[in-house]
Amino acid sequence: MNKNNIDRRLSIAPMMDHTDKHFRYFMRLLSKHAVLYTEMITTGALIHGDRQRFLDFNDIEHPIAIQLGGSNPNDLAECAKIAENEAYDEVNLNIGCPSDRVQNGQFGACLMSNKNLVADCVNKIQDNVKIPVTIKTRIGIDNMDSYDFLYDFIKTTHDAGCDTFIIHARKAILSGLTPKENRAIPPLNYERVHKIKQDFPNLNITINGGFIELQSIKSQLQHVDGVMVGRVAYQNPFILAEADNILFENTDPAPTRESILDKYRDYVAEQILKGERIKNLTRHVIGLFQGQAGARHYRQLLSAAVPKDKNNIKFLDDIIESITTHTPQIEKK
Ligand SMILES: Cc1cc2nc3c(=O)[nH]c(=O)nc-3n(C[C@H](O)[C@H](O)[C@H](O)COP(=O)(O)O)c2cc1C
């Protein structure tokens with residue numbers, strides 16, 4: 001069995017089109033401890049696509065997990081080896097995504113109905129890498145939504161070697177709902193995830209779904225080993241600024257919005273020099289002033305089009321200047 005010594009009290013969810021390396025860098029400025037997940041990367045994309053583009057990350061991102069989408073044990077093992085060679089800390093299997101595209105490829109949430117195939121995948125990956133193999137799943141799919149169904153899925157895949165599960169506490173409905181609806185319509189059932197932890201006390205269980213503030217995350221830690229947050233990290237990231245104080249043993253002062261933005265600004269400047277487009281960097285910090293007076297103005301500035309000849313750090317510097325001088329109503333902590 002894998003040694004799994006990653007502290008999983010808080011993790012930032014895999015989110016397609018959101019959790020790229022720039023967003024993860026930004027997250028690391030908010031919490032030194034949260035485990036960061038990549039977007040889902042399909043085995044096909046990693047084996048046949050622009051591999052480096054998918055794999056690149058900054059050293060500061062550790063602990064970092066790669067999330068793979070696929071159902072061919074050999075391909076998954078090959079991708080896990082590639083990720084391990086790139087120094088990823090964990091390989092996570094996506095058994096929770098309900099999108100049609102993913103179902104056509106026979107992976108994601110539909111695999112919950114094929115626990116033996118998932119077990120083969122875990123087994124094969126385990127044989128090929130030393131980093132932990134983890135599963136992100138739902139509490140059920142369609143009418144396969146009893147506690148016994150979830151229990152059997154966890155038991156079978158645990159017997160194959162997986163000892164860390166991230167459970168999105170709602171089932172997925174595989175036809176008729178969009179992925180977005182599948183993150184809102186099926187009701188949350190935290191008790192079911194708690195029961196899994198009670199029935200498998202030696203497993204590392206992370207709960208996911210619907211958490212938007214640190215106190216409720218902290219109270220979950222009485223029931224499970226960790227909490228994964230998704231949308232709130234994108235839409236209102238500053239709620240995570242005190243995560244290291246509240247959830248971990250950190251006693252340093254929590255970062256302020258301004259200190260985070262200053263550090264991210266330096267990162268943006270570096271990345272532009274490497275050829276990155278500024279919009280790909282600034283889009284991730286649009287939520288930083290969420291809920292603050294002046295937030296709308298800040299969002300508008302960041303969302304404005306950037307002409308090619310203005311693709312430089314001055315675009316962001318002007319916004320920061322505007323925040324700190326012309327928009328004094330934005331709280332400066
Ligand atoms: C835009 C978006 C993209 C997502 N992409 C993925 C993905 O690639 N892999 C995955 O396992 N879950 C994905 N999810 C689901 C999240 O990881 C998470 O399970 C879900 O949002 C529930 O957590 P939350 O209520 O904290 O947002 C995505 C969610 C969103 C909002």
# chains A, B, ... in the order shown; residues from 1 in each chain; ligands from 1
$ residues_around --residues "Glu276 in chain A" --least-positions-apart "6" --cutoff "10 Å" --atoms "only C-alpha atoms" --output "PyMOL selection string"
chain A and resi 268-270+311-312
$ write_last_selection --atoms "all heavy atoms" --output "PDB file, in the first residue's frame"
ATOM      1  N   VAL A 268       2.642  37.441 -12.387  1.00  0.00           N
ATOM      2  CA  VAL A 268       2.093  37.794 -13.707  1.00  0.00           C
ATOM      3  C   VAL A 268       3.202  38.407 -14.573  1.00  0.00           C
ATOM      4  O   VAL A 268       3.354  38.054 -15.751  1.00  0.00           O
ATOM      5  CB  VAL A 268       0.904  38.782 -13.550  1.00  0.00           C
ATOM      6  CG1 VAL A 268       0.464  39.349 -14.899  1.00  0.00           C
ATOM      7  CG2 VAL A 268      -0.272  38.083 -12.875  1.00  0.00           C
ATOM      8  N   ALA A 269       3.988  39.283 -13.974  1.00  0.00           N
ATOM      9  CA  ALA A 269       5.073  39.932 -14.729  1.00  0.00           C
ATOM     10  C   ALA A 269       6.031  38.875 -15.287  1.00  0.00           C
ATOM     11  O   ALA A 269       6.401  38.909 -16.470  1.00  0.00           O
ATOM     12  CB  ALA A 269       5.817  40.917 -13.827  1.00  0.00           C
ATOM     13  N   GLU A 270       6.376  37.903 -14.454  1.00  0.00           N
ATOM     14  CA  GLU A 270       7.282  36.814 -14.904  1.00  0.00           C
ATOM     15  C   GLU A 270       6.667  36.025 -16.047  1.00  0.00           C
ATOM     16  O   GLU A 270       7.318  35.696 -17.026  1.00  0.00           O
ATOM     17  CB  GLU A 270       7.428  35.787 -13.768  1.00  0.00           C
ATOM     18  CG  GLU A 270       8.623  35.883 -12.900  1.00  0.00           C
ATOM     19  CD  GLU A 270       8.448  34.887 -11.740  1.00  0.00           C
ATOM     20  OE1 GLU A 270       7.978  33.750 -11.962  1.00  0.00           O
ATOM     21  OE2 GLU A 270       8.762  35.288 -10.602  1.00  0.00           O
ATOM     22  N   ASN A 311      -0.524  44.000 -23.979  1.00  0.00           N
ATOM     23  CA  ASN A 311      -0.354  42.753 -23.235  1.00  0.00           C
ATOM     24  C   ASN A 311       0.900  42.839 -22.368  1.00  0.00           C
ATOM     25  O   ASN A 311       1.884  42.153 -22.587  1.00  0.00           O
ATOM     26  CB  ASN A 311      -0.250  41.583 -24.221  1.00  0.00           C
ATOM     27  CG  ASN A 311      -0.354  40.246 -23.511  1.00  0.00           C
ATOM     28  OD1 ASN A 311      -1.314  39.991 -22.798  1.00  0.00           O
ATOM     29  ND2 ASN A 311       0.658  39.412 -23.677  1.00  0.00           N
ATOM     30  N   ASN A 312       0.873  43.735 -21.391  1.00  0.00           N
ATOM     31  CA  ASN A 312       2.046  43.851 -20.518  1.00  0.00           C
ATOM     32  C   ASN A 312       1.591  44.155 -19.097  1.00  0.00           C
ATOM     33  O   ASN A 312       0.417  44.410 -18.838  1.00  0.00           O
ATOM     34  CB  ASN A 312       3.014  44.920 -21.055  1.00  0.00           C
ATOM     35  CG  ASN A 312       2.317  46.246 -21.237  1.00  0.00           C
ATOM     36  OD1 ASN A 312       1.634  46.704 -20.327  1.00  0.00           O
ATOM     37  ND2 ASN A 312       2.464  46.852 -22.401  1.00  0.00           N
TER      38      ASN A 312
END
$ residues_near_ligand --ligand "ligand 1" --cutoff "10 Å" --atoms "only C-alpha atoms and all ligand atoms" --output "compact mmCIF listing (two decimals) with all heavy atoms, in the first residue's frame"
# COMPACT_ATOMS: atom_id res chain seq x y z
N SER A 11 -8.50 20.93 0.61
CA SER A 11 -8.00 20.83 -0.75
C SER A 11 -8.87 21.66 -1.69
O SER A 11 -10.03 21.96 -1.39
CB SER A 11 -7.91 19.37 -1.21
OG SER A 11 -9.10 18.70 -0.97
N ILE A 12 -8.24 22.06 -2.78
CA ILE A 12 -8.93 22.89 -3.78
C ILE A 12 -9.25 21.98 -4.96
O ILE A 12 -8.37 21.34 -5.54
CB ILE A 12 -8.04 24.07 -4.26
CG1 ILE A 12 -7.47 24.85 -3.06
CG2 ILE A 12 -8.82 24.98 -5.21
CD1 ILE A 12 -8.49 25.54 -2.17
N ALA A 13 -10.53 21.94 -5.30
CA ALA A 13 -11.06 20.94 -6.23
C ALA A 13 -10.50 21.09 -7.65
O ALA A 13 -10.17 22.19 -8.08
CB ALA A 13 -12.59 21.08 -6.29
N PRO A 14 -10.45 19.96 -8.37
CA PRO A 14 -10.18 20.05 -9.81
C PRO A 14 -11.35 20.75 -10.48
O PRO A 14 -12.51 20.39 -10.22
CB PRO A 14 -10.09 18.58 -10.25
CG PRO A 14 -10.81 17.79 -9.20
CD PRO A 14 -10.73 18.58 -7.93
N MET A 15 -11.08 21.73 -11.32
CA MET A 15 -12.16 22.40 -12.06
C MET A 15 -11.68 22.72 -13.47
O MET A 15 -10.75 23.51 -13.65
CB MET A 15 -12.59 23.69 -11.33
CG MET A 15 -13.39 23.44 -10.07
SD MET A 15 -13.94 24.96 -9.27
CE MET A 15 -12.45 25.52 -8.48
N MET A 16 -12.35 22.09 -14.43
CA MET A 16 -11.99 22.30 -15.84
C MET A 16 -12.05 23.78 -16.19
O MET A 16 -12.99 24.46 -15.78
CB MET A 16 -12.99 21.59 -16.77
CG MET A 16 -12.93 20.08 -16.74
SD MET A 16 -11.37 19.41 -17.32
CE MET A 16 -11.55 19.63 -19.07
N ASP A 17 -11.06 24.21 -16.93
CA ASP A 17 -11.01 25.58 -17.41
C ASP A 17 -10.77 26.59 -16.27
O ASP A 17 -10.88 27.79 -16.47
CB ASP A 17 -12.29 25.93 -18.19
CG ASP A 17 -12.09 27.20 -19.00
OD1 ASP A 17 -10.98 27.37 -19.52
OD2 ASP A 17 -13.03 28.01 -19.09
N HIS A 18 -10.52 26.13 -15.08
CA HIS A 18 -10.27 27.03 -13.96
C HIS A 18 -8.95 26.74 -13.25
O HIS A 18 -8.15 27.65 -13.06
CB HIS A 18 -11.39 26.89 -12.90
CG HIS A 18 -12.71 27.47 -13.34
ND1 HIS A 18 -13.39 27.02 -14.43
CD2 HIS A 18 -13.47 28.46 -12.82
CE1 HIS A 18 -14.52 27.71 -14.57
NE2 HIS A 18 -14.59 28.59 -13.60
N THR A 19 -8.74 25.47 -12.85
CA THR A 19 -7.60 25.21 -11.96
C THR A 19 -6.31 24.91 -12.74
O THR A 19 -5.66 23.89 -12.52
CB THR A 19 -7.92 24.07 -10.96
OG1 THR A 19 -8.42 22.94 -11.69
CG2 THR A 19 -8.97 24.50 -9.97
N TYR A 37 -5.39 20.61 -6.90
CA TYR A 37 -5.68 19.62 -7.95
C TYR A 37 -5.66 20.29 -9.32
O TYR A 37 -6.13 21.42 -9.48
CB TYR A 37 -7.06 18.97 -7.71
CG TYR A 37 -7.00 17.95 -6.60
CD1 TYR A 37 -6.90 18.35 -5.28
CD2 TYR A 37 -6.98 16.59 -6.88
CE1 TYR A 37 -6.79 17.42 -4.25
CE2 TYR A 37 -6.89 15.65 -5.87
CZ TYR A 37 -6.79 16.07 -4.55
OH TYR A 37 -6.67 15.14 -3.56
N THR A 38 -5.15 19.56 -10.29
CA THR A 38 -5.21 20.05 -11.68
C THR A 38 -6.64 19.95 -12.19
O THR A 38 -7.49 19.31 -11.56
CB THR A 38 -4.33 19.20 -12.62
OG1 THR A 38 -4.90 17.88 -12.69
CG2 THR A 38 -2.88 19.14 -12.16
N GLU A 39 -6.89 20.51 -13.34
CA GLU A 39 -8.13 20.20 -14.07
C GLU A 39 -8.05 18.71 -14.44
O GLU A 39 -6.95 18.14 -14.48
CB GLU A 39 -8.20 21.00 -15.37
CG GLU A 39 -8.04 22.48 -15.19
CD GLU A 39 -7.74 23.20 -16.51
OE1 GLU A 39 -8.69 23.52 -17.21
OE2 GLU A 39 -6.56 23.44 -16.81
N MET A 40 -9.19 18.11 -14.76
CA MET A 40 -9.12 16.73 -15.24
C MET A 40 -8.35 16.69 -16.57
O MET A 40 -8.62 17.49 -17.48
CB MET A 40 -10.52 16.17 -15.48
CG MET A 40 -10.45 14.74 -15.99
SD MET A 40 -12.07 14.08 -16.39
CE MET A 40 -12.42 14.95 -17.89
N ILE A 41 -7.41 15.77 -16.66
CA ILE A 41 -6.65 15.58 -17.90
C ILE A 41 -6.95 14.16 -18.38
O ILE A 41 -6.78 13.20 -17.62
CB ILE A 41 -5.14 15.75 -17.66
CG1 ILE A 41 -4.86 17.10 -16.97
CG2 ILE A 41 -4.36 15.64 -18.97
CD1 ILE A 41 -3.43 17.26 -16.48
N THR A 42 -7.42 14.04 -19.61
CA THR A 42 -7.75 12.68 -20.08
C THR A 42 -6.45 11.95 -20.44
O THR A 42 -5.44 12.58 -20.81
CB THR A 42 -8.67 12.70 -21.31
OG1 THR A 42 -7.98 13.34 -22.38
CG2 THR A 42 -9.97 13.44 -21.02
N GLN A 67 -5.27 15.16 -11.70
CA GLN A 67 -6.49 14.37 -11.85
C GLN A 67 -6.57 13.80 -13.25
O GLN A 67 -6.50 14.54 -14.25
CB GLN A 67 -7.76 15.17 -11.58
CG GLN A 67 -8.95 14.21 -11.58
CD GLN A 67 -10.30 14.86 -11.50
OE1 GLN A 67 -10.65 15.67 -12.35
NE2 GLN A 67 -11.07 14.50 -10.49
N LEU A 68 -6.72 12.48 -13.34
CA LEU A 68 -6.80 11.81 -14.64
C LEU A 68 -8.22 11.38 -14.93
O LEU A 68 -8.96 10.97 -14.03
CB LEU A 68 -5.89 10.58 -14.65
CG LEU A 68 -4.38 10.85 -14.48
CD1 LEU A 68 -3.62 9.51 -14.45
CD2 LEU A 68 -3.84 11.73 -15.62
N GLY A 69 -8.59 11.47 -16.21
CA GLY A 69 -9.86 10.93 -16.67
C GLY A 69 -9.56 9.82 -17.65
O GLY A 69 -8.83 10.03 -18.63
N ASN A 92 -4.99 11.27 -9.01
CA ASN A 92 -6.39 11.15 -8.63
C ASN A 92 -7.21 10.72 -9.84
O ASN A 92 -7.03 11.25 -10.93
CB ASN A 92 -6.88 12.52 -8.10
CG ASN A 92 -8.37 12.51 -7.81
OD1 ASN A 92 -9.19 12.96 -8.61
ND2 ASN A 92 -8.73 11.98 -6.66
N LEU A 93 -8.10 9.77 -9.61
CA LEU A 93 -8.95 9.27 -10.70
C LEU A 93 -10.32 9.94 -10.63
O LEU A 93 -10.96 9.93 -9.58
CB LEU A 93 -9.19 7.78 -10.49
CG LEU A 93 -8.33 6.81 -11.23
CD1 LEU A 93 -8.79 5.39 -10.89
CD2 LEU A 93 -8.46 7.03 -12.73
N ASN A 94 -10.77 10.47 -11.75
CA ASN A 94 -12.08 11.12 -11.79
C ASN A 94 -13.18 10.08 -12.00
O ASN A 94 -13.33 9.51 -13.09
CB ASN A 94 -12.09 12.15 -12.93
CG ASN A 94 -13.42 12.90 -13.01
OD1 ASN A 94 -14.46 12.38 -12.62
ND2 ASN A 94 -13.38 14.11 -13.52
N ILE A 95 -13.95 9.85 -10.92
CA ILE A 95 -15.11 8.94 -11.03
C ILE A 95 -16.34 9.76 -10.64
O ILE A 95 -17.27 9.24 -10.02
CB ILE A 95 -14.94 7.69 -10.11
CG1 ILE A 95 -13.53 7.09 -10.21
CG2 ILE A 95 -15.97 6.61 -10.43
CD1 ILE A 95 -13.22 6.39 -11.52
N GLY A 96 -16.32 11.05 -10.99
CA GLY A 96 -17.43 11.89 -10.54
C GLY A 96 -18.02 12.79 -11.60
O GLY A 96 -19.08 13.36 -11.41
N CYS A 97 -17.31 12.92 -12.75
CA CYS A 97 -17.78 13.89 -13.74
C CYS A 97 -18.94 13.30 -14.54
O CYS A 97 -18.83 12.20 -15.09
CB CYS A 97 -16.65 14.28 -14.68
SG CYS A 97 -17.20 15.45 -15.92
N PRO A 98 -20.08 14.02 -14.64
CA PRO A 98 -21.25 13.46 -15.31
C PRO A 98 -21.42 13.89 -16.77
O PRO A 98 -22.43 13.57 -17.38
CB PRO A 98 -22.39 14.04 -14.47
CG PRO A 98 -21.88 15.39 -14.03
CD PRO A 98 -20.38 15.30 -13.97
N SER A 99 -20.46 14.64 -17.37
CA SER A 99 -20.75 15.23 -18.68
C SER A 99 -20.89 14.15 -19.77
O SER A 99 -20.31 13.06 -19.66
CB SER A 99 -19.68 16.26 -19.07
OG SER A 99 -18.65 15.65 -19.78
N GLY A 108 -15.31 8.94 -15.86
CA GLY A 108 -16.06 9.86 -15.02
C GLY A 108 -17.07 9.09 -14.17
O GLY A 108 -16.88 7.91 -13.85
N ALA A 109 -18.20 9.75 -13.85
CA ALA A 109 -19.15 9.20 -12.87
C ALA A 109 -19.73 7.84 -13.30
O ALA A 109 -20.03 7.00 -12.45
CB ALA A 109 -20.28 10.20 -12.64
N ILE A 135 -9.22 8.48 -5.30
CA ILE A 135 -10.42 8.49 -6.15
C ILE A 135 -11.30 9.65 -5.75
O ILE A 135 -11.53 9.87 -4.55
CB ILE A 135 -11.19 7.16 -6.00
CG1 ILE A 135 -10.45 6.02 -6.72
CG2 ILE A 135 -12.62 7.28 -6.53
CD1 ILE A 135 -11.11 4.66 -6.59
N LYS A 136 -11.78 10.40 -6.74
CA LYS A 136 -12.81 11.41 -6.46
C LYS A 136 -14.11 10.90 -7.07
O LYS A 136 -14.17 10.61 -8.27
CB LYS A 136 -12.43 12.76 -7.08
CG LYS A 136 -13.47 13.85 -6.85
CD LYS A 136 -12.92 15.22 -7.21
CE LYS A 136 -13.91 16.34 -6.95
NZ LYS A 136 -14.93 16.49 -7.99
N THR A 137 -15.12 10.76 -6.22
CA THR A 137 -16.35 10.14 -6.69
C THR A 137 -17.58 10.86 -6.12
O THR A 137 -17.47 11.87 -5.45
CB THR A 137 -16.35 8.63 -6.33
OG1 THR A 137 -17.42 7.99 -6.98
CG2 THR A 137 -16.43 8.38 -4.84
N ARG A 138 -18.73 10.35 -6.46
CA ARG A 138 -20.02 10.86 -5.95
C ARG A 138 -20.57 9.87 -4.94
O ARG A 138 -20.01 8.78 -4.77
CB ARG A 138 -21.00 10.97 -7.12
CG ARG A 138 -20.56 11.94 -8.21
CD ARG A 138 -21.16 13.28 -7.97
NE ARG A 138 -20.89 14.22 -9.04
CZ ARG A 138 -21.70 15.26 -9.33
NH1 ARG A 138 -22.82 15.46 -8.66
NH2 ARG A 138 -21.38 16.11 -10.28
N ILE A 166 -12.18 11.11 -2.15
CA ILE A 166 -12.82 12.42 -2.06
C ILE A 166 -14.24 12.20 -2.55
O ILE A 166 -14.44 11.73 -3.67
CB ILE A 166 -12.11 13.44 -2.96
CG1 ILE A 166 -10.66 13.60 -2.51
CG2 ILE A 166 -12.84 14.78 -2.95
CD1 ILE A 166 -9.72 13.78 -3.64
N ILE A 167 -15.19 12.48 -1.69
CA ILE A 167 -16.58 12.15 -2.04
C ILE A 167 -17.41 13.42 -2.15
O ILE A 167 -17.60 14.13 -1.15
CB ILE A 167 -17.20 11.17 -1.02
CG1 ILE A 167 -16.26 9.95 -0.84
CG2 ILE A 167 -18.59 10.73 -1.50
CD1 ILE A 167 -16.77 8.93 0.18
N HIS A 168 -17.85 13.71 -3.37
CA HIS A 168 -18.80 14.79 -3.60
C HIS A 168 -20.15 14.27 -3.09
O HIS A 168 -20.67 13.30 -3.63
CB HIS A 168 -18.83 15.13 -5.09
CG HIS A 168 -19.70 16.29 -5.45
ND1 HIS A 168 -19.74 16.82 -6.72
CD2 HIS A 168 -20.56 17.04 -4.71
CE1 HIS A 168 -20.60 17.84 -6.74
NE2 HIS A 168 -21.10 17.99 -5.53
N ALA A 169 -20.69 14.95 -2.07
CA ALA A 169 -21.79 14.38 -1.30
C ALA A 169 -23.15 14.52 -1.99
O ALA A 169 -24.16 14.79 -1.34
CB ALA A 169 -21.83 15.03 0.08
N ARG A 170 -23.20 14.38 -3.28
CA ARG A 170 -24.48 14.29 -3.99
C ARG A 170 -24.31 13.29 -5.12
O ARG A 170 -23.21 13.08 -5.61
CB ARG A 170 -24.95 15.66 -4.51
CG ARG A 170 -23.96 16.46 -5.28
CD ARG A 170 -24.61 17.61 -6.05
NE ARG A 170 -25.20 18.65 -5.27
CZ ARG A 170 -24.58 19.77 -4.85
NH1 ARG A 170 -23.31 19.96 -5.14
NH2 ARG A 170 -25.22 20.68 -4.16
N PRO A 179 -23.75 19.27 -16.52
CA PRO A 179 -22.80 19.17 -15.41
C PRO A 179 -23.07 20.23 -14.35
O PRO A 179 -23.00 19.96 -13.15
CB PRO A 179 -21.44 19.38 -16.08
CG PRO A 179 -21.64 18.90 -17.48
CD PRO A 179 -23.06 19.25 -17.84
N LYS A 180 -23.44 21.44 -14.79
CA LYS A 180 -23.71 22.51 -13.82
C LYS A 180 -24.90 22.16 -12.94
O LYS A 180 -24.86 22.30 -11.72
CB LYS A 180 -23.95 23.83 -14.58
CG LYS A 180 -24.02 25.02 -13.68
CD LYS A 180 -24.04 26.31 -14.46
CE LYS A 180 -24.18 27.47 -13.49
NZ LYS A 180 -24.52 28.71 -14.15
N ASN A 182 -25.89 19.24 -12.31
CA ASN A 182 -25.49 18.11 -11.48
C ASN A 182 -24.66 18.53 -10.27
O ASN A 182 -24.35 17.72 -9.41
CB ASN A 182 -24.68 17.11 -12.32
CG ASN A 182 -25.50 15.87 -12.62
OD1 ASN A 182 -26.11 15.29 -11.73
ND2 ASN A 182 -25.51 15.46 -13.88
N ARG A 183 -24.30 19.81 -10.23
CA ARG A 183 -23.59 20.32 -9.05
C ARG A 183 -24.54 21.08 -8.13
O ARG A 183 -24.12 21.65 -7.14
CB ARG A 183 -22.45 21.27 -9.48
CG ARG A 183 -21.33 20.57 -10.22
CD ARG A 183 -20.12 21.47 -10.37
NE ARG A 183 -20.26 22.49 -11.38
CZ ARG A 183 -19.88 22.36 -12.65
NH1 ARG A 183 -19.33 21.23 -13.06
NH2 ARG A 183 -20.03 23.33 -13.51
N ALA A 184 -25.83 21.10 -8.51
CA ALA A 184 -26.77 21.89 -7.72
C ALA A 184 -28.06 21.14 -7.42
O ALA A 184 -28.60 21.26 -6.32
CB ALA A 184 -27.10 23.19 -8.46
N LEU A 188 -27.49 17.48 -1.36
CA LEU A 188 -26.28 17.10 -0.63
C LEU A 188 -26.66 16.15 0.50
O LEU A 188 -27.70 16.32 1.14
CB LEU A 188 -25.62 18.35 -0.04
CG LEU A 188 -24.89 19.22 -1.05
CD1 LEU A 188 -24.65 20.62 -0.47
CD2 LEU A 188 -23.56 18.59 -1.48
N ILE A 207 -14.56 15.17 2.29
CA ILE A 207 -15.93 15.48 1.85
C ILE A 207 -15.89 16.69 0.93
O ILE A 207 -15.05 17.58 1.10
CB ILE A 207 -16.83 15.73 3.08
CG1 ILE A 207 -18.31 15.72 2.70
CG2 ILE A 207 -16.50 17.04 3.79
CD1 ILE A 207 -19.25 15.60 3.92
N ASN A 208 -16.80 16.72 -0.03
CA ASN A 208 -16.85 17.83 -0.99
C ASN A 208 -18.31 18.14 -1.32
O ASN A 208 -19.16 17.27 -1.30
CB ASN A 208 -16.08 17.41 -2.27
CG ASN A 208 -16.34 18.33 -3.45
OD1 ASN A 208 -16.86 17.91 -4.49
ND2 ASN A 208 -16.00 19.60 -3.31
N GLY A 209 -18.53 19.45 -1.59
CA GLY A 209 -19.84 19.87 -2.07
C GLY A 209 -20.49 20.90 -1.16
O GLY A 209 -20.87 20.60 -0.03
N GLY A 210 -20.56 22.13 -1.67
CA GLY A 210 -21.38 23.15 -1.01
C GLY A 210 -20.73 23.91 0.13
O GLY A 210 -21.41 24.68 0.80
N PHE A 211 -19.44 23.75 0.37
CA PHE A 211 -18.82 24.48 1.48
C PHE A 211 -18.40 25.87 1.03
O PHE A 211 -17.74 26.02 0.00
CB PHE A 211 -17.63 23.69 2.05
CG PHE A 211 -18.08 22.41 2.66
CD1 PHE A 211 -17.94 21.21 1.97
CD2 PHE A 211 -18.73 22.40 3.88
CE1 PHE A 211 -18.42 20.03 2.50
CE2 PHE A 211 -19.21 21.22 4.43
CZ PHE A 211 -19.06 20.03 3.74
N ILE A 212 -18.81 26.86 1.83
CA ILE A 212 -18.49 28.24 1.42
C ILE A 212 -17.87 29.06 2.55
O ILE A 212 -17.60 30.24 2.37
CB ILE A 212 -19.74 28.99 0.86
CG1 ILE A 212 -20.89 28.95 1.86
CG2 ILE A 212 -20.18 28.44 -0.48
CD1 ILE A 212 -22.03 29.90 1.49
N VAL A 227 -11.70 18.44 3.77
CA VAL A 227 -12.78 19.07 3.02
C VAL A 227 -12.17 19.63 1.73
O VAL A 227 -11.11 20.26 1.76
CB VAL A 227 -13.43 20.22 3.82
CG1 VAL A 227 -14.53 20.90 3.02
CG2 VAL A 227 -13.98 19.70 5.15
N MET A 228 -12.87 19.37 0.64
CA MET A 228 -12.43 19.93 -0.66
C MET A 228 -13.41 21.03 -1.04
O MET A 228 -14.63 20.83 -0.95
CB MET A 228 -12.42 18.83 -1.72
CG MET A 228 -12.19 19.36 -3.13
SD MET A 228 -12.14 18.03 -4.36
CE MET A 228 -10.40 17.61 -4.32
N VAL A 229 -12.87 22.17 -1.46
CA VAL A 229 -13.75 23.25 -1.92
C VAL A 229 -13.49 23.54 -3.39
O VAL A 229 -12.35 23.52 -3.85
CB VAL A 229 -13.58 24.56 -1.10
CG1 VAL A 229 -14.04 24.35 0.34
CG2 VAL A 229 -12.17 25.09 -1.14
N GLY A 230 -14.57 23.83 -4.11
CA GLY A 230 -14.46 24.12 -5.53
C GLY A 230 -14.88 25.53 -5.84
O GLY A 230 -14.07 26.47 -5.78
N ARG A 231 -16.17 25.73 -6.09
CA ARG A 231 -16.64 27.01 -6.61
C ARG A 231 -16.28 28.20 -5.73
O ARG A 231 -15.92 29.26 -6.24
CB ARG A 231 -18.16 26.96 -6.85
CG ARG A 231 -18.49 26.13 -8.07
CD ARG A 231 -19.93 25.71 -8.09
NE ARG A 231 -20.22 24.69 -7.10
CZ ARG A 231 -21.36 24.05 -6.98
NH1 ARG A 231 -22.35 24.35 -7.79
NH2 ARG A 231 -21.53 23.12 -6.06
N VAL A 232 -16.32 28.03 -4.42
CA VAL A 232 -16.05 29.20 -3.58
C VAL A 232 -14.61 29.68 -3.76
O VAL A 232 -14.33 30.88 -3.68
CB VAL A 232 -16.38 28.92 -2.09
CG1 VAL A 232 -15.30 28.08 -1.42
CG2 VAL A 232 -16.57 30.22 -1.34
N ALA A 233 -13.72 28.75 -4.04
CA ALA A 233 -12.31 29.13 -4.21
C ALA A 233 -12.15 30.02 -5.43
O ALA A 233 -11.24 30.85 -5.51
CB ALA A 233 -11.43 27.89 -4.34
N TYR A 234 -13.06 29.83 -6.38
CA TYR A 234 -12.98 30.65 -7.59
C TYR A 234 -13.77 31.94 -7.45
O TYR A 234 -13.31 33.02 -7.81
CB TYR A 234 -13.49 29.86 -8.80
CG TYR A 234 -12.80 30.32 -10.06
CD1 TYR A 234 -11.57 29.79 -10.41
CD2 TYR A 234 -13.35 31.32 -10.85
CE1 TYR A 234 -10.89 30.25 -11.52
CE2 TYR A 234 -12.68 31.77 -11.96
CZ TYR A 234 -11.46 31.23 -12.29
OH TYR A 234 -10.78 31.70 -13.39
N GLN A 235 -14.94 31.81 -6.88
CA GLN A 235 -15.86 32.96 -6.86
C GLN A 235 -15.57 33.92 -5.72
O GLN A 235 -15.82 35.12 -5.83
CB GLN A 235 -17.31 32.45 -6.76
CG GLN A 235 -17.73 31.74 -8.04
CD GLN A 235 -18.94 30.82 -7.83
OE1 GLN A 235 -19.52 30.77 -6.75
NE2 GLN A 235 -19.30 30.08 -8.87
$ select_by_dssp --residues "range 167-295 of chain A" --states "strand (DSSP E or B)" --output "MDAnalysis selection string"
chainID A and resid 167:168 172 204:208 226:229
$ residues_around --residues "Asp145 in chain A" --least-positions-apart "4" --cutoff "10 Å" --atoms "only C-alpha atoms" --output "PyMOL selection string"
chain A and resi 138-141+149-150+170-172
$ residues_around --residues "Asp89 in chain A" --least-positions-apart "3" --cutoff "7 Å" --atoms "only C-alpha atoms" --output "MDAnalysis selection string"
chainID A and resid 63:65 131
$ write_last_selection --atoms "N, CA, C and O atoms" --output "short mmCIF file (atom, residue, chain, number, x, y, z; two decimals), in the first residue's frame"
data_model
loop_
_atom_site.label_atom_id
_atom_site.label_comp_id
_atom_site.auth_asym_id
_atom_site.auth_seq_id
_atom_site.Cartn_x
_atom_site.Cartn_y
_atom_site.Cartn_z
N PRO A 63 1.75 20.64 -1.99
CA PRO A 63 1.39 19.36 -2.57
C PRO A 63 0.36 19.52 -3.70
O PRO A 63 -0.66 20.18 -3.52
N ILE A 64 0.69 18.87 -4.81
CA ILE A 64 -0.17 19.00 -6.00
C ILE A 64 -0.54 17.62 -6.54
O ILE A 64 0.32 16.74 -6.66
N ALA A 65 -1.82 17.47 -6.87
CA ALA A 65 -2.33 16.20 -7.38
C ALA A 65 -2.76 16.39 -8.84
O ALA A 65 -3.36 17.41 -9.18
N ILE A 131 3.61 7.16 -5.74
CA ILE A 131 2.76 8.23 -5.19
C ILE A 131 1.35 7.68 -4.93
O ILE A 131 0.94 6.71 -5.57
#
$ select_by_dssp --residues "range 17-207 of chain A" --states "alpha helix (DSSP H)" --output "PyMOL selection string"
chain A and resi 21-30+43-48+51-55+73-85+100-104+115-128+147-159+190-199
$ residues_around --residues "Gln106 in chain A" --least-positions-apart "6" --cutoff "10 Å" --atoms "only C-alpha atoms" --output "list in words"
Gly69, Gly70, Ser71, Asn72 and Asp100 of chain A
